[in-house]
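Engineer: Structure file structure32.pdb, PDB, C-alpha atoms, pLDDT in the B column, is pasted below:
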ATOM      1  CA  MET A   1       4.755 -17.495 -18.635  1.00 31.00           C
ATOM      2  CA  ALA A   2       2.124 -20.226 -18.335  1.00 38.00           C
ATOM      3  CA  THR A   3      -1.417 -19.029 -17.808  1.00 41.00           C
ATOM      4  CA  ALA A   4      -3.905 -20.429 -15.357  1.00 43.00           C
ATOM      5  CA  ALA A   5      -5.730 -22.011 -18.276  1.00 45.00           C
ATOM      6  CA  SER A   6      -2.669 -23.929 -19.487  1.00 44.00           C
ATOM      7  CA  ARG A   7      -2.048 -25.299 -16.012  1.00 62.00           C
ATOM      8  CA  VAL A   8      -5.602 -26.618 -15.938  1.00 72.00           C
ATOM      9  CA  GLU A   9      -5.391 -27.997 -19.474  1.00 77.00           C
ATOM     10  CA  ASN A  10      -2.038 -29.740 -18.886  1.00 84.00           C
ATOM     11  CA  PRO A  11      -2.017 -30.896 -15.284  1.00 90.00           C
ATOM     12  CA  LYS A  12       0.506 -33.381 -13.972  1.00 93.00           C
ATOM     13  CA  ILE A  13      -1.470 -36.563 -13.247  1.00 95.00           C
ATOM     14  CA  VAL A  14       0.076 -38.834 -10.624  1.00 96.00           C
ATOM     15  CA  SER A  15      -0.776 -41.804  -8.429  1.00 97.00           C
ATOM     16  CA  PRO A  16      -2.499 -41.253  -5.040  1.00 97.00           C
ATOM     17  CA  ALA A  17       0.794 -41.935  -3.272  1.00 98.00           C
ATOM     18  CA  GLU A  18       2.644 -39.349  -5.363  1.00 97.00           C
ATOM     19  CA  TRP A  19      -0.180 -36.837  -4.876  1.00 96.00           C
ATOM     20  CA  LEU A  20       0.009 -37.289  -1.099  1.00 98.00           C
ATOM     21  CA  ALA A  21       3.787 -36.930  -1.040  1.00 98.00           C
ATOM     22  CA  ALA A  22       3.648 -33.680  -3.041  1.00 97.00           C
ATOM     23  CA  ARG A  23       0.822 -32.335  -0.892  1.00 97.00           C
ATOM     24  CA  LYS A  24       2.665 -33.060   2.366  1.00 98.00           C
ATOM     25  CA  GLU A  25       5.813 -31.406   1.040  1.00 98.00           C
ATOM     26  CA  PHE A  26       3.831 -28.296   0.154  1.00 97.00           C
ATOM     27  CA  LEU A  27       2.160 -28.369   3.575  1.00 98.00           C
ATOM     28  CA  LYS A  28       5.559 -27.596   5.098  1.00 98.00           C
ATOM     29  CA  LYS A  29       5.619 -24.318   3.163  1.00 98.00           C
ATOM     30  CA  GLU A  30       2.042 -23.508   4.166  1.00 98.00           C
ATOM     31  CA  LYS A  31       2.887 -24.017   7.840  1.00 98.00           C
ATOM     32  CA  GLU A  32       5.962 -21.825   7.497  1.00 98.00           C
ATOM     33  CA  PHE A  33       3.821 -19.113   5.927  1.00 97.00           C
ATOM     34  CA  THR A  34       1.282 -19.399   8.765  1.00 98.00           C
ATOM     35  CA  ARG A  35       4.006 -18.958  11.372  1.00 98.00           C
ATOM     36  CA  LEU A  36       5.398 -15.949   9.509  1.00 98.00           C
ATOM     37  CA  ARG A  37       1.916 -14.432   9.258  1.00 97.00           C
ATOM     38  CA  ASP A  38       1.315 -14.902  12.985  1.00 98.00           C
ATOM     39  CA  ASP A  39       4.632 -13.218  13.760  1.00 98.00           C
ATOM     40  CA  LEU A  40       3.823 -10.331  11.407  1.00 97.00           C
ATOM     41  CA  SER A  41       0.466  -9.877  13.149  1.00 97.00           C
ATOM     42  CA  ARG A  42       2.252  -9.761  16.501  1.00 98.00           C
ATOM     43  CA  GLN A  43       4.635  -7.096  15.217  1.00 98.00           C
ATOM     44  CA  ARG A  44       1.694  -5.107  13.855  1.00 97.00           C
ATOM     45  CA  ARG A  45       0.095  -5.049  17.307  1.00 97.00           C
ATOM     46  CA  GLU A  46       3.383  -3.767  18.747  1.00 98.00           C
ATOM     47  CA  LEU A  47       3.546  -0.714  16.467  1.00 98.00           C
ATOM     48  CA  PRO A  48       3.369   2.677  18.242  1.00 98.00           C
ATOM     49  CA  TRP A  49       0.089   4.606  18.410  1.00 98.00           C
ATOM     50  CA  GLU A  50      -0.735   8.240  17.715  1.00 98.00           C
ATOM     51  CA  LYS A  51      -3.348  10.199  19.629  1.00 98.00           C
ATOM     52  CA  VAL A  52      -6.274  11.501  17.597  1.00 98.00           C
ATOM     53  CA  GLU A  53      -6.411  15.184  18.515  1.00 96.00           C
ATOM     54  CA  LYS A  54      -8.829  16.305  15.836  1.00 96.00           C
ATOM     55  CA  GLU A  55     -12.594  16.096  16.240  1.00 96.00           C
ATOM     56  CA  TYR A  56     -14.692  14.784  13.371  1.00 98.00           C
ATOM     57  CA  LEU A  57     -18.437  15.007  12.814  1.00 98.00           C
ATOM     58  CA  PHE A  58     -19.953  12.441  10.469  1.00 98.00           C
ATOM     59  CA  ASP A  59     -23.444  12.280   8.994  1.00 98.00           C
ATOM     60  CA  GLY A  60     -25.087   9.044  10.109  1.00 97.00           C
ATOM     61  CA  PRO A  61     -28.582   7.563   9.891  1.00 94.00           C
ATOM     62  CA  GLY A  62     -29.453   9.026  13.303  1.00 93.00           C
ATOM     63  CA  GLY A  63     -27.845  12.426  12.767  1.00 96.00           C
ATOM     64  CA  LYS A  64     -24.405  13.823  13.548  1.00 97.00           C
ATOM     65  CA  GLU A  65     -21.896  11.345  14.995  1.00 98.00           C
ATOM     66  CA  THR A  66     -18.380  11.779  16.342  1.00 98.00           C
ATOM     67  CA  LEU A  67     -15.488   9.367  15.913  1.00 98.00           C
ATOM     68  CA  ASP A  68     -16.157   8.354  19.518  1.00 98.00           C
ATOM     69  CA  ASP A  69     -19.751   7.478  18.560  1.00 98.00           C
ATOM     70  CA  LEU A  70     -18.516   5.147  15.834  1.00 98.00           C
ATOM     71  CA  PHE A  71     -16.989   2.891  18.502  1.00 98.00           C
ATOM     72  CA  GLY A  72     -20.541   1.887  19.483  1.00 97.00           C
ATOM     73  CA  GLY A  73     -19.528   1.130  23.069  1.00 97.00           C
ATOM     74  CA  LYS A  74     -16.484  -0.952  22.075  1.00 98.00           C
ATOM     75  CA  SER A  75     -12.855  -0.097  22.811  1.00 98.00           C
ATOM     76  CA  GLN A  76     -11.636  -0.981  19.306  1.00 98.00           C
ATOM     77  CA  LEU A  77     -12.796   0.424  15.981  1.00 98.00           C
ATOM     78  CA  ILE A  78     -12.032  -0.577  12.414  1.00 98.00           C
ATOM     79  CA  VAL A  79     -12.906   1.941   9.721  1.00 98.00           C
ATOM     80  CA  TYR A  80     -13.089   0.813   6.132  1.00 98.00           C
ATOM     81  CA  HIS A  81     -12.461   3.755   3.805  1.00 98.00           C
ATOM     82  CA  PHE A  82     -14.891   3.028   0.969  1.00 98.00           C
ATOM     83  CA  MET A  83     -14.241   4.724  -2.390  1.00 98.00           C
ATOM     84  CA  PHE A  84     -17.504   6.585  -2.974  1.00 98.00           C
ATOM     85  CA  GLY A  85     -17.184  10.264  -3.799  1.00 97.00           C
ATOM     86  CA  PRO A  86     -19.853  12.969  -3.980  1.00 97.00           C
ATOM     87  CA  GLY A  87     -21.970  12.655  -7.107  1.00 96.00           C
ATOM     88  CA  TRP A  88     -20.755   9.172  -8.016  1.00 97.00           C
ATOM     89  CA  ILE A  89     -23.452   6.986  -9.564  1.00 95.00           C
ATOM     90  CA  GLU A  90     -22.351   4.015  -7.452  1.00 97.00           C
ATOM     91  CA  GLY A  91     -19.578   2.897  -5.135  1.00 97.00           C
ATOM     92  CA  CYS A  92     -16.280   1.411  -6.268  1.00 96.00           C
ATOM     93  CA  PRO A  93     -16.634  -2.242  -7.412  1.00 96.00           C
ATOM     94  CA  GLY A  94     -13.471  -3.257  -5.532  1.00 96.00           C
ATOM     95  CA  CYS A  95     -14.655  -1.666  -2.293  1.00 97.00           C
ATOM     96  CA  SER A  96     -18.020  -3.308  -2.876  1.00 98.00           C
ATOM     97  CA  PHE A  97     -16.231  -6.658  -3.231  1.00 97.00           C
ATOM     98  CA  ILE A  98     -14.681  -6.169   0.197  1.00 97.00           C
ATOM     99  CA  SER A  99     -17.959  -4.901   1.638  1.00 98.00           C
ATOM    100  CA  ASP A 100     -19.768  -8.039   0.535  1.00 97.00           C
ATOM    101  CA  HIS A 101     -17.703  -9.775   3.241  1.00 97.00           C
ATOM    102  CA  ILE A 102     -18.490  -7.375   6.097  1.00 97.00           C
ATOM    103  CA  ASP A 103     -22.018  -8.088   7.332  1.00 97.00           C
ATOM    104  CA  GLY A 104     -21.300 -11.684   8.300  1.00 97.00           C
ATOM    105  CA  SER A 105     -18.340 -10.553  10.401  1.00 97.00           C
ATOM    106  CA  ILE A 106     -20.098  -7.857  12.459  1.00 97.00           C
ATOM    107  CA  ALA A 107     -21.442 -10.086  15.260  1.00 98.00           C
ATOM    108  CA  HIS A 108     -18.164 -11.966  15.562  1.00 98.00           C
ATOM    109  CA  LEU A 109     -16.124  -8.762  15.744  1.00 98.00           C
ATOM    110  CA  ALA A 110     -18.490  -7.356  18.379  1.00 98.00           C
ATOM    111  CA  ALA A 111     -17.871 -10.468  20.494  1.00 98.00           C
ATOM    112  CA  ARG A 112     -14.182  -9.504  20.491  1.00 98.00           C
ATOM    113  CA  ASP A 113     -14.765  -5.868  21.511  1.00 98.00           C
ATOM    114  CA  VAL A 114     -14.523  -4.506  17.952  1.00 98.00           C
ATOM    115  CA  ARG A 115     -16.853  -2.209  16.007  1.00 98.00           C
ATOM    116  CA  LEU A 116     -16.505  -1.987  12.246  1.00 98.00           C
ATOM    117  CA  ALA A 117     -17.810   1.077  10.426  1.00 98.00           C
ATOM    118  CA  VAL A 118     -17.560   2.217   6.829  1.00 98.00           C
ATOM    119  CA  VAL A 119     -16.823   5.822   5.884  1.00 98.00           C
ATOM    120  CA  SER A 120     -17.180   7.538   2.491  1.00 98.00           C
ATOM    121  CA  ARG A 121     -17.176  11.122   1.268  1.00 98.00           C
ATOM    122  CA  ALA A 122     -20.446  10.806  -0.648  1.00 98.00           C
ATOM    123  CA  PRO A 123     -23.385  12.577   1.020  1.00 98.00           C
ATOM    124  CA  LEU A 124     -25.434  10.320   3.285  1.00 98.00           C
ATOM    125  CA  ALA A 125     -28.455  10.164   0.952  1.00 97.00           C
ATOM    126  CA  GLU A 126     -26.260   8.828  -1.866  1.00 98.00           C
ATOM    127  CA  ILE A 127     -24.659   6.304   0.479  1.00 98.00           C
ATOM    128  CA  GLN A 128     -28.004   5.068   1.754  1.00 98.00           C
ATOM    129  CA  ALA A 129     -29.432   4.617  -1.741  1.00 98.00           C
ATOM    130  CA  PHE A 130     -26.454   2.507  -2.818  1.00 98.00           C
ATOM    131  CA  GLN A 131     -26.379   0.569   0.461  1.00 98.00           C
ATOM    132  CA  LYS A 132     -30.055  -0.308   0.035  1.00 98.00           C
ATOM    133  CA  ARG A 133     -29.388  -1.484  -3.515  1.00 97.00           C
ATOM    134  CA  MET A 134     -26.523  -3.716  -2.323  1.00 98.00           C
ATOM    135  CA  GLY A 135     -28.496  -5.076   0.637  1.00 98.00           C
ATOM    136  CA  TRP A 136     -25.796  -4.274   3.197  1.00 98.00           C
ATOM    137  CA  LYS A 137     -26.650  -3.644   6.857  1.00 97.00           C
ATOM    138  CA  PHE A 138     -23.304  -2.490   8.308  1.00 98.00           C
ATOM    139  CA  LYS A 139     -22.710   0.959   9.802  1.00 97.00           C
ATOM    140  CA  TRP A 140     -21.940   3.460   7.033  1.00 98.00           C
ATOM    141  CA  VAL A 141     -21.484   7.191   7.569  1.00 98.00           C
ATOM    142  CA  SER A 142     -20.556  10.184   5.455  1.00 98.00           C
ATOM    143  CA  SER A 143     -17.433  12.283   5.949  1.00 98.00           C
ATOM    144  CA  TYR A 144     -18.560  14.781   3.308  1.00 96.00           C
ATOM    145  CA  ALA A 145     -18.412  17.691   5.780  1.00 93.00           C
ATOM    146  CA  ASN A 146     -15.052  16.875   7.407  1.00 97.00           C
ATOM    147  CA  ASP A 147     -11.417  16.099   6.602  1.00 96.00           C
ATOM    148  CA  PHE A 148     -11.361  12.506   7.851  1.00 98.00           C
ATOM    149  CA  ASN A 149     -10.677  10.895   4.473  1.00 97.00           C
ATOM    150  CA  ARG A 150      -8.095  13.533   3.658  1.00 96.00           C
ATOM    151  CA  ASP A 151      -6.336  13.100   7.006  1.00 97.00           C
ATOM    152  CA  TYR A 152      -6.144   9.321   6.556  1.00 98.00           C
ATOM    153  CA  HIS A 153      -4.828   9.676   2.995  1.00 97.00           C
ATOM    154  CA  VAL A 154      -7.730   8.263   1.003  1.00 98.00           C
ATOM    155  CA  HIS A 155      -8.963  11.506  -0.592  1.00 97.00           C
ATOM    156  CA  PHE A 156      -6.960  13.517  -3.104  1.00 96.00           C
ATOM    157  CA  THR A 157      -7.465  16.805  -4.888  1.00 95.00           C
ATOM    158  CA  PRO A 158      -8.029  16.951  -8.661  1.00 94.00           C
ATOM    159  CA  ASP A 159      -4.714  18.797  -8.957  1.00 95.00           C
ATOM    160  CA  GLU A 160      -2.840  16.038  -7.110  1.00 95.00           C
ATOM    161  CA  VAL A 161      -4.379  13.368  -9.333  1.00 95.00           C
ATOM    162  CA  ALA A 162      -3.564  15.355 -12.489  1.00 95.00           C
ATOM    163  CA  LYS A 163       0.063  15.866 -11.436  1.00 93.00           C
ATOM    164  CA  GLY A 164       0.559  12.280 -10.258  1.00 90.00           C
ATOM    165  CA  GLN A 165       1.524  13.536  -6.810  1.00 89.00           C
ATOM    166  CA  VAL A 166      -0.937  11.604  -4.650  1.00 95.00           C
ATOM    167  CA  TYR A 167       0.285  10.495  -1.216  1.00 96.00           C
ATOM    168  CA  TYR A 168      -1.104   6.972  -0.893  1.00 97.00           C
ATOM    169  CA  ASN A 169       0.189   3.856   0.868  1.00 96.00           C
ATOM    170  CA  TYR A 170       2.959   5.917   2.470  1.00 96.00           C
ATOM    171  CA  GLU A 171       4.530   7.245  -0.704  1.00 95.00           C
ATOM    172  CA  LYS A 172       3.939   9.728  -3.508  1.00 94.00           C
ATOM    173  CA  ARG A 173       2.514   7.980  -6.545  1.00 94.00           C
ATOM    174  CA  LYS A 174       0.159   8.263  -9.476  1.00 93.00           C
ATOM    175  CA  PHE A 175      -3.504   7.529  -8.818  1.00 93.00           C
ATOM    176  CA  THR A 176      -6.423   7.697 -11.230  1.00 91.00           C
ATOM    177  CA  ALA A 177      -9.212   8.673  -8.825  1.00 94.00           C
ATOM    178  CA  GLU A 178      -9.838  11.249  -6.122  1.00 96.00           C
ATOM    179  CA  GLU A 179     -10.765   8.537  -3.626  1.00 97.00           C
ATOM    180  CA  GLY A 180      -8.712   5.535  -2.522  1.00 97.00           C
ATOM    181  CA  PRO A 181      -9.448   2.398  -0.459  1.00 97.00           C
ATOM    182  CA  GLY A 182      -8.026   1.720   2.965  1.00 98.00           C
ATOM    183  CA  ALA A 183      -8.656   0.385   6.449  1.00 98.00           C
ATOM    184  CA  SER A 184      -7.741   2.081   9.725  1.00 98.00           C
ATOM    185  CA  ALA A 185      -7.781   0.813  13.309  1.00 98.00           C
ATOM    186  CA  PHE A 186      -8.404   2.870  16.433  1.00 98.00           C
ATOM    187  CA  TYR A 187      -8.407   2.276  20.183  1.00 98.00           C
ATOM    188  CA  LYS A 188     -10.282   4.135  22.921  1.00 98.00           C
ATOM    189  CA  ASP A 189      -8.910   3.907  26.452  1.00 98.00           C
ATOM    190  CA  GLY A 190     -10.754   4.123  29.762  1.00 96.00           C
ATOM    191  CA  ALA A 191     -10.373   7.907  29.846  1.00 97.00           C
ATOM    192  CA  GLY A 192     -12.044   8.223  26.441  1.00 97.00           C
ATOM    193  CA  GLU A 193      -8.850   9.140  24.603  1.00 98.00           C
ATOM    194  CA  ILE A 194      -8.745   7.833  21.024  1.00 98.00           C
ATOM    195  CA  PHE A 195      -5.599   6.549  19.331  1.00 98.00           C
ATOM    196  CA  HIS A 196      -4.871   5.665  15.718  1.00 98.00           C
ATOM    197  CA  THR A 197      -3.029   2.333  15.782  1.00 98.00           C
ATOM    198  CA  TYR A 198      -2.813   1.178  12.165  1.00 98.00           C
ATOM    199  CA  SER A 199      -3.798   1.902   8.569  1.00 98.00           C
ATOM    200  CA  SER A 200      -3.399  -0.247   5.472  1.00 98.00           C
ATOM    201  CA  TYR A 201      -3.954   0.427   1.793  1.00 97.00           C
ATOM    202  CA  GLY A 202      -3.700  -1.208  -1.642  1.00 94.00           C
ATOM    203  CA  ARG A 203      -2.731  -4.885  -1.544  1.00 93.00           C
ATOM    204  CA  GLY A 204      -2.659  -4.637   2.254  1.00 95.00           C
ATOM    205  CA  LEU A 205      -6.448  -4.980   2.062  1.00 96.00           C
ATOM    206  CA  ASP A 206      -6.204  -8.333   0.267  1.00 94.00           C
ATOM    207  CA  PRO A 207      -6.684 -10.414   3.471  1.00 94.00           C
ATOM    208  CA  MET A 208     -10.124  -8.815   3.916  1.00 94.00           C
ATOM    209  CA  ILE A 209     -11.374 -10.375   0.658  1.00 94.00           C
ATOM    210  CA  GLY A 210     -12.416 -13.895   1.561  1.00 94.00           C
ATOM    211  CA  ALA A 211     -13.563 -14.763  -1.967  1.00 95.00           C
ATOM    212  CA  TYR A 212     -10.039 -14.213  -3.281  1.00 95.00           C
ATOM    213  CA  HIS A 213      -8.650 -16.716  -0.808  1.00 95.00           C
ATOM    214  CA  TRP A 214     -11.227 -19.297  -1.814  1.00 95.00           C
ATOM    215  CA  LEU A 215     -10.118 -18.734  -5.415  1.00 95.00           C
ATOM    216  CA  ASP A 216      -6.506 -19.270  -4.343  1.00 94.00           C
ATOM    217  CA  ILE A 217      -7.201 -22.966  -3.600  1.00 95.00           C
ATOM    218  CA  VAL A 218      -8.815 -23.891  -6.932  1.00 95.00           C
ATOM    219  CA  PRO A 219      -6.805 -24.900 -10.044  1.00 94.00           C
ATOM    220  CA  LYS A 220      -7.241 -21.625 -11.949  1.00 93.00           C
ATOM    221  CA  GLY A 221      -6.600 -19.472  -8.906  1.00 94.00           C
ATOM    222  CA  ARG A 222      -7.604 -15.836  -9.321  1.00 93.00           C
ATOM    223  CA  ASP A 223      -7.221 -16.254 -13.081  1.00 93.00           C
ATOM    224  CA  GLU A 224      -6.342 -12.598 -13.662  1.00 92.00           C
ATOM    225  CA  GLY A 225      -3.069 -12.932 -15.570  1.00 90.00           C
ATOM    226  CA  SER A 226      -4.498 -12.164 -19.009  1.00 90.00           C
ATOM    227  CA  LEU A 227      -6.704  -9.282 -17.846  1.00 93.00           C
ATOM    228  CA  PRO A 228      -5.734  -5.611 -18.349  1.00 93.00           C
ATOM    229  CA  SER A 229      -5.776  -5.164 -14.548  1.00 90.00           C
ATOM    230  CA  PRO A 230      -6.242  -7.643 -11.667  1.00 91.00           C
ATOM    231  CA  MET A 231      -9.854  -6.696 -10.885  1.00 92.00           C
ATOM    232  CA  ALA A 232     -11.025  -6.112 -14.456  1.00 93.00           C
ATOM    233  CA  TRP A 233     -13.409  -9.087 -14.146  1.00 94.00           C
ATOM    234  CA  LEU A 234     -15.093  -7.689 -11.045  1.00 95.00           C
ATOM    235  CA  ARG A 235     -18.699  -6.433 -11.016  1.00 95.00           C
ATOM    236  CA  HIS A 236     -21.101  -5.287  -8.332  1.00 97.00           C
ATOM    237  CA  HIS A 237     -22.809  -8.445  -7.109  1.00 96.00           C
ATOM    238  CA  ASP A 238     -26.125  -7.451  -8.730  1.00 95.00           C
ATOM    239  CA  LYS A 239     -24.539  -7.105 -12.184  1.00 95.00           C
ATOM    240  CA  TYR A 240     -23.213 -10.584 -12.894  1.00 93.00           C
ATOM    241  CA  GLY A 241     -26.411 -12.240 -14.091  1.00 81.00           C
ATOM    242  CA  ASP A 242     -25.675 -15.659 -15.544  1.00 56.00           C
ATOM    243  CA  ALA A 243     -22.534 -14.556 -17.383  1.00 52.00           C
ATOM    244  CA  GLN A 244     -19.100 -15.794 -16.397  1.00 52.00           C
ATOM    245  CA  ILE A 245     -16.362 -13.198 -16.633  1.00 49.00           C
ATOM    246  CA  SER A 246     -13.002 -14.928 -16.670  1.00 45.00           C
ATOM    247  CA  GLY A 247      -9.412 -14.297 -17.607  1.00 43.00           C
ATOM    248  CA  SER A 248      -9.159 -17.528 -19.540  1.00 41.00           C
ATOM    249  CA  LYS A 249     -11.243 -20.164 -21.258  1.00 38.00           C
ATOM    250  CA  THR A 250     -12.842 -22.884 -19.192  1.00 34.00           C
TER     251      THR A 250
END
Any chance you could put this one into structure tokens?

Structural biologist:
Amino acid sequence: MATAASRVENPKIVSPAEWLAARKEFLKKEKEFTRLRDDLSRQRRELPWEKVEKEYLFDGPGGKETLDDLFGGKSQLIVYHFMFGPGWIEGCPGCSFISDHIDGSIAHLAARDVRLAVVSRAPLAEIQAFQKRMGWKFKWVSSYANDFNRDYHVHFTPDEVAKGQVYYNYEKRKFTAEEGPGASAFYKDGAGEIFHTYSSYGRGLDPMIGAYHWLDIVPKGRDEGSLPSPMAWLRHHDKYGDAQISGSKT
């Protein structure tokens, strides 16, 4: 299989007319993909809901908060399940990658009646120390004292991890950590009833990572083919320095 590096080193060089013809032909596929994506989004919105019967108390900057409080006056809530367990030195690099994209979206989501909050099992003091280090401003609360992460299938027991019997992304599978990433959507109606409308895990979170989609339009793409795992190059944004970590030579 050709690597991203070989494609860059041996590109097909053509005339402007040939380039335009190839680009327009590929545009047909891009438009087809866009239409399919729009239809998939429509079908997602048509999925059934489940009522949230359980009450949860989170630790937030201002004290105890309920799931209702996390809506912040909006009717729609997105929760990002950030992998950050009790006693961890720092949050997951992959979740941090996603979180680097959140702050700029907050005002725009609010304009569309949406609140976005982040939830982790680490105690609030540990969350706040890491959040300050990363420079993030978004709402982030601790579920250390409740079962929220467990109920939404992003927290696993040591025994489950050891036996490879973790229920994640709607199936039993092996998982190497006691915390997993995910995103869940909720709706609150006029009577104050809360409903769980959607949850996504694993590669389903890919659309939330804007930097990946910028990489998708450059010649090397994500350039992860030669790495031991797709995100092996990733670092917290304060750890890169001037070094370039790549899957292939430039």

Engineer: Output the residue selection produced by the PyMOL selection byres ((chain A and resi 48-57) around 7) on the file above, formatted as a list in words.

Structural biologist: Glu46, Leu47, Phe58, Asp59, Lys64, Glu65, Thr66, Leu67, Asn146, Phe148, Ile194, Phe195, His196 and Thr197 of chain A

Engineer: Using Å and a single decimal, report how far atom CA of A:Asp206 sits from atom CA of A:Gly94.

Structural biologist: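 Spanning atom CA of A:Gly94 to atom CA of A:Asp206 is a straight-line distance of 10.6 Å.
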
Engineer: Dump as JSON lines the rows for residues of stretch 126-244 of chain A within 12 Å of stretch 106-109 of chain A: closest atom pair and distance in Å with one decimal, only C-alpha atoms counted, ordered by chain and rising residue number.

Structural biologist:
{"residue": "A:Trp136", "atom": "CA", "partner": "A:Ile106", "partner_atom": "CA", "distance": 11.4}
{"residue": "A:Lys137", "atom": "CA", "partner": "A:Ile106", "partner_atom": "CA", "distance": 9.6}
{"residue": "A:Phe138", "atom": "CA", "partner": "A:Ile106", "partner_atom": "CA", "distance": 7.5}
{"residue": "A:Lys139", "atom": "CA", "partner": "A:Ile106", "partner_atom": "CA", "distance": 9.6}

Engineer: Store the residues picked out above, limited to C-alpha atoms, as an mmCIF file, keeping the file's coordinate frame.

Structural biologist:
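Okay, this is what ended up in part23.cif:
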data_model
loop_
_atom_site.group_PDB
_atom_site.id
_atom_site.type_symbol
_atom_site.label_atom_id
_atom_site.label_comp_id
_atom_site.auth_asym_id
_atom_site.auth_seq_id
_atom_site.Cartn_x
_atom_site.Cartn_y
_atom_site.Cartn_z
ATOM 1 C CA TRP A 136 -25.796 -4.274 3.197
ATOM 2 C CA LYS A 137 -26.650 -3.644 6.857
ATOM 3 C CA PHE A 138 -23.304 -2.490 8.308
ATOM 4 C CA LYS A 139 -22.710 0.959 9.802
#

Engineer: List the residues selected by the PyMOL selection byres ((chain A and resi 110) around 12) in the file shown, writing them as a list of chain:residue names.

Structural biologist: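 Output of the PyMOL selection byres ((chain A and resi 110) around 12): A:Phe71, A:Gly72, A:Gly73, A:Lys74, A:Ser75, A:Gln76, A:Leu77, A:Ile78, A:Asp103, A:Gly104, A:Ser105, A:Ile106, A:Ala107, A:His108, A:Leu109, A:Ala111, A:Arg112, A:Asp113, A:Val114, A:Arg115, A:Leu116, A:Ala117.
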
Engineer: Using all atoms listed in the file, find the one residue out of A:His236, A:Pro219, A:Lys29, A:Ser184 that sits nearest to A:Phe130.

Structural biologist: A:His236

Engineer: Determine the residue set returned by the PyMOL selection byres ((chain A and resi 100) around 10) for the present structure, and present it as a PyMOL selection string.

Structural biologist: chain A and resi 94-99+101-104+134-136+209-211+236-237

Engineer: Set the distance at 6 Å and use only C-alpha atoms: which residues neighbour A:Val119 once local chain neighbours fewer than 6 positions away are removed? I'd like the list as a list in words.

Structural biologist: His81, Phe82, Trp140, Val141 and Ser142 of chain A

Engineer: Between A:Val118, A:Ile13, A:Val161, A:Ala185, single out the one closest to A:Arg45, counting all atoms listed in the file.

Structural biologist: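 Checking each candidate against A:Arg45, we get A:Ala185 as the closest.
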
Engineer: Could you tell me which of A:Lys220, A:Ala183, A:Arg121, A:Ser226 comes closest to A:Met208 if we count all atoms listed in the file?

Structural biologist: A:Ala183

Engineer: Which residues, written as a PyMOL selection string, have at least one atom at most 12 Å from A:Gln165, with all atoms listed in the file counted and residues fewer than 4 positions away on the same chain left out?

Structural biologist: chain A and resi 156-161+171-178

Engineer: Of the candidates A:His155, A:Arg37, A:Lys28, A:Lys132, which one gets nearest to A:Pro86 if we count all atoms listed in the file?

Structural biologist: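 With all atoms listed in the file as the atom set, the closest residue is A:His155.
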
Engineer: At what distance in Å, to one decimal, does atom CA of A:His213 lie from atom CA of A:Tyr168?

Structural biologist: 24.9 Å

Engineer: Counting all atoms listed in the file, which residue out of A:Arg23, A:His153, A:Arg133, A:Lys12 sits closest to A:Ser199?

Structural biologist: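 That would be A:His153, the residue with the smallest distance to A:Ser199.
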
Engineer: Which value, in Å to one decimal, gives the distance between atom CA of A:Arg44 and atom CA of A:Ser200?

Structural biologist: 10.9 Å

Engineer: My list of candidates is A:Ser229, A:Ser41, A:Gly62, A:Leu27. Which is closest to A:Tyr198 when distances are computed with only C-alpha atoms?

Structural biologist: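 Counting only C-alpha atoms, the residue closest to A:Tyr198 is A:Ser41.
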
Engineer: I need every residue sitting at most 9 Å from the point (1.8, 2.1, 1.4) (coordinates as in the file, all atoms listed in the file considered), written as a PyMOL selection string.

Structural biologist: chain A and resi 167-171+200-204

Engineer: Give me a file of those residues, with C-alpha atoms, as a PDB file, keeping the file's coordinate frame.

Structural biologist:
ATOM      1  CA  TYR A 167       0.285  10.495  -1.216  1.00 96.00           C
ATOM      2  CA  TYR A 168      -1.104   6.972  -0.893  1.00 97.00           C
ATOM      3  CA  ASN A 169       0.189   3.856   0.868  1.00 96.00           C
ATOM      4  CA  TYR A 170       2.959   5.917   2.470  1.00 96.00           C
ATOM      5  CA  GLU A 171       4.530   7.245  -0.704  1.00 95.00           C
ATOM      6  CA  SER A 200      -3.399  -0.247   5.472  1.00 98.00           C
ATOM      7  CA  TYR A 201      -3.954   0.427   1.793  1.00 97.00           C
ATOM      8  CA  GLY A 202      -3.700  -1.208  -1.642  1.00 94.00           C
ATOM      9  CA  ARG A 203      -2.731  -4.885  -1.544  1.00 93.00           C
ATOM     10  CA  GLY A 204      -2.659  -4.637   2.254  1.00 95.00           C
TER      11      GLY A 204
END
